[in-house]
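Notes follow once the structure below has been shown.
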Amino acid sequence: MTDHTLARADEVLTELVELVETARTLPMSSSCVLPRERTLDLLDALREVLPPEVTEARRIVAQRDRISAEAEKRAAELVAEASEQAESLVTEARVEAHNLLEDAKAEQGRLVSSATVHQSATAEAARLTADAREQAESARTSAEAYADKLQQDAHGYAEATLSELVETLRRLLGTAENGRAALQGSRPQT
């Protein structure tokens, strides 16, 4: 904001104050009568000299709201995707474990012909069952870890985006406060 703009804003504010101070008072009231045309002209003049930061701040607030909504939506999408992937992995692991178990049972049935073969089959079935359970548990653990990581990434993205927005708003607030301070500092003392 230039010195000329600050000076003009101060002049307009001074004229508005004088207009209100010198306005006719209504009888038995603290209200007054202001000339509408002159008051509106002064308010229009004030609007013209206001710093563009005010408009920019409004735009940034709207942008912040939009980014926040997008970040929340994206985080929800990532969580949903992670949940779907985890469920899919768990389902696949269960199917694979079931198939392995069925294969083990079938193999066990074929090997039951003699005592030694039966013992080997039982041991192999137990090993295959344990392997299947271990693979299923490993797949479920991996799926849950992946879902947790996706959720953390989504929250991290939302946090980083909102932090950047907060910093931008702080800078704009500082600019606006500096403009107000400069405007108040340039007002003549009464």
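Letters A, B, ... go to the chains of the structure tokens in the order shown; residues in each chain start at 1; ligands are counted from 1 in the same order.
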Report as a tab-separated table: every residue of segment 98-154 of chain A with an atom at most 10 Å from segment 64-77 of chain A, its closest pair of atoms, and their distance in Å to one decimal, counting only C-alpha atoms, with rows sorted by chain and ascending residue number.
```
residue	atom	partner	partner_atom	distance
A:Leu150	CA	A:Ala75	CA	8.8
A:Gln151	CA	A:Ala75	CA	7.1
A:Gln152	CA	A:Ala75	CA	9.1
A:Asp153	CA	A:Ala75	CA	8.3
A:Ala154	CA	A:Ala75	CA	4.6
```
As number ranges by chain, please: every residue in segment 8-190 of chain A that DSSP puts in strand (DSSP E). A: 24-25, 32-33
Could those residues be written to a file, using N, CA and C atoms, as a PDB file, in the first residue's frame?
```pdb
ATOM      1  N   ARG A  24     -26.963  16.080  12.014  1.00  0.00           N
ATOM      2  CA  ARG A  24     -28.059  16.568  12.856  1.00  0.00           C
ATOM      3  C   ARG A  24     -28.576  15.424  13.719  1.00  0.00           C
ATOM      4  N   THR A  25     -28.825  15.723  14.973  1.00  0.00           N
ATOM      5  CA  THR A  25     -29.340  14.721  15.897  1.00  0.00           C
ATOM      6  C   THR A  25     -30.860  14.747  15.853  1.00  0.00           C
ATOM      7  N   CYS A  32     -28.818   9.987  14.457  1.00  0.00           N
ATOM      8  CA  CYS A  32     -28.596  11.193  13.665  1.00  0.00           C
ATOM      9  C   CYS A  32     -28.994  10.943  12.216  1.00  0.00           C
ATOM     10  N   VAL A  33     -29.073  12.026  11.453  1.00  0.00           N
ATOM     11  CA  VAL A  33     -29.441  11.959  10.046  1.00  0.00           C
ATOM     12  C   VAL A  33     -28.184  12.237   9.229  1.00  0.00           C
TER      13      VAL A  33
END
```
Quick one: residues within 12 Å of Leu46 of chain A, only C-alpha atoms, excluding same-chain residues fewer than 6 positions away - as a list in words? Thr5, Leu6, Ala7, Arg8, Ala9, Asp10, Glu11, Val12, Leu13, Thr14, Glu15, Leu16, Thr39 and Leu40 of chain A
Would you export the selected residues with N, CA and C atoms as an mmCIF file, in the first residue's frame, please?
```cif
data_model
loop_
_atom_site.group_PDB
_atom_site.id
_atom_site.type_symbol
_atom_site.label_atom_id
_atom_site.label_comp_id
_atom_site.auth_asym_id
_atom_site.auth_seq_id
_atom_site.Cartn_x
_atom_site.Cartn_y
_atom_site.Cartn_z
ATOM 1 N N THR A 5 -1.942 6.085 -1.098
ATOM 2 C CA THR A 5 -3.147 5.299 -0.803
ATOM 3 C C THR A 5 -3.488 5.395 0.674
ATOM 4 N N LEU A 6 -2.460 5.308 1.531
ATOM 5 C CA LEU A 6 -2.695 5.447 2.968
ATOM 6 C C LEU A 6 -3.251 6.824 3.302
ATOM 7 N N ALA A 7 -2.691 7.823 2.670
ATOM 8 C CA ALA A 7 -3.152 9.188 2.920
ATOM 9 C C ALA A 7 -4.600 9.343 2.470
ATOM 10 N N ARG A 8 -4.925 8.771 1.320
ATOM 11 C CA ARG A 8 -6.299 8.876 0.805
ATOM 12 C C ARG A 8 -7.268 8.126 1.722
ATOM 13 N N ALA A 9 -6.870 6.951 2.194
ATOM 14 C CA ALA A 9 -7.720 6.193 3.105
ATOM 15 C C ALA A 9 -7.949 6.987 4.391
ATOM 16 N N ASP A 10 -6.900 7.628 4.891
ATOM 17 C CA ASP A 10 -7.023 8.425 6.098
ATOM 18 C C ASP A 10 -7.946 9.618 5.867
ATOM 19 N N GLU A 11 -7.828 10.259 4.701
ATOM 20 C CA GLU A 11 -8.704 11.393 4.374
ATOM 21 C C GLU A 11 -10.164 10.963 4.351
ATOM 22 N N VAL A 12 -10.431 9.832 3.707
ATOM 23 C CA VAL A 12 -11.813 9.355 3.604
ATOM 24 C C VAL A 12 -12.361 9.035 4.987
ATOM 25 N N LEU A 13 -11.551 8.356 5.822
ATOM 26 C CA LEU A 13 -11.993 8.054 7.186
ATOM 27 C C LEU A 13 -12.253 9.328 7.988
ATOM 28 N N THR A 14 -11.388 10.315 7.823
ATOM 29 C CA THR A 14 -11.570 11.592 8.524
ATOM 30 C C THR A 14 -12.870 12.253 8.086
ATOM 31 N N GLU A 15 -13.147 12.241 6.772
ATOM 32 C CA GLU A 15 -14.390 12.831 6.268
ATOM 33 C C GLU A 15 -15.614 12.090 6.815
ATOM 34 N N LEU A 16 -15.524 10.759 6.887
ATOM 35 C CA LEU A 16 -16.646 9.986 7.440
ATOM 36 C C LEU A 16 -16.874 10.334 8.910
ATOM 37 N N THR A 39 -22.472 9.865 2.159
ATOM 38 C CA THR A 39 -21.968 8.738 2.953
ATOM 39 C C THR A 39 -21.594 7.574 2.046
ATOM 40 N N LEU A 40 -22.461 7.237 1.095
ATOM 41 C CA LEU A 40 -22.165 6.143 0.168
ATOM 42 C C LEU A 40 -20.940 6.452 -0.693
#
```
Option closest in space to Lys105 of chain A, from A:Ala86, A:Leu26, A:Ala126, A:Ile60 [counting only C-alpha atoms]: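 Among the listed residues, the smallest separation from Lys105 of chain A belongs to A:Ala126.
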May I ask which of the residues A:Ala145, A:Ala80, A:Leu42, A:Leu128 is the closest one to Asp103 of chain A, counting only C-alpha atoms? A:Leu128
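Across the model, the gap from atom CA of Ser88 of chain A to atom CA of Tyr146 of chain A is 12.1 Å.
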Using only C-alpha atoms, which residue out of A:Leu169, A:Gln184, A:Glu177, A:Arg38 lies closest to Gln63 of chain A? A:Leu169
In Å, with one decimal, what is the gap from atom CA of Leu100 of chain A to atom CA of His118 of chain A?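 For atom CA of Leu100 of chain A relative to atom CA of His118 of chain A, the distance reads 18.5 Å.
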Quote the spacing between atom CA of Val166 of chain A and atom CA of Val61 of chain A in Å to one decimal place.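 Taking atom CA of Val166 of chain A and atom CA of Val61 of chain A, their separation equals 9.9 Å.
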Residues within 12 Å of Thr168 of chain A, please, as a list in words. Count only C-alpha atoms; anything in the same chain fewer than 3 positions from it doesn't count.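 Those residues are Glu56, Ala57, Arg59, Ile60, Val61, Gln63, Arg64, Thr161, Leu162, Ser163, Glu164, Leu165, Arg171, Leu172, Leu173, Gly174 and Thr175 of chain A.
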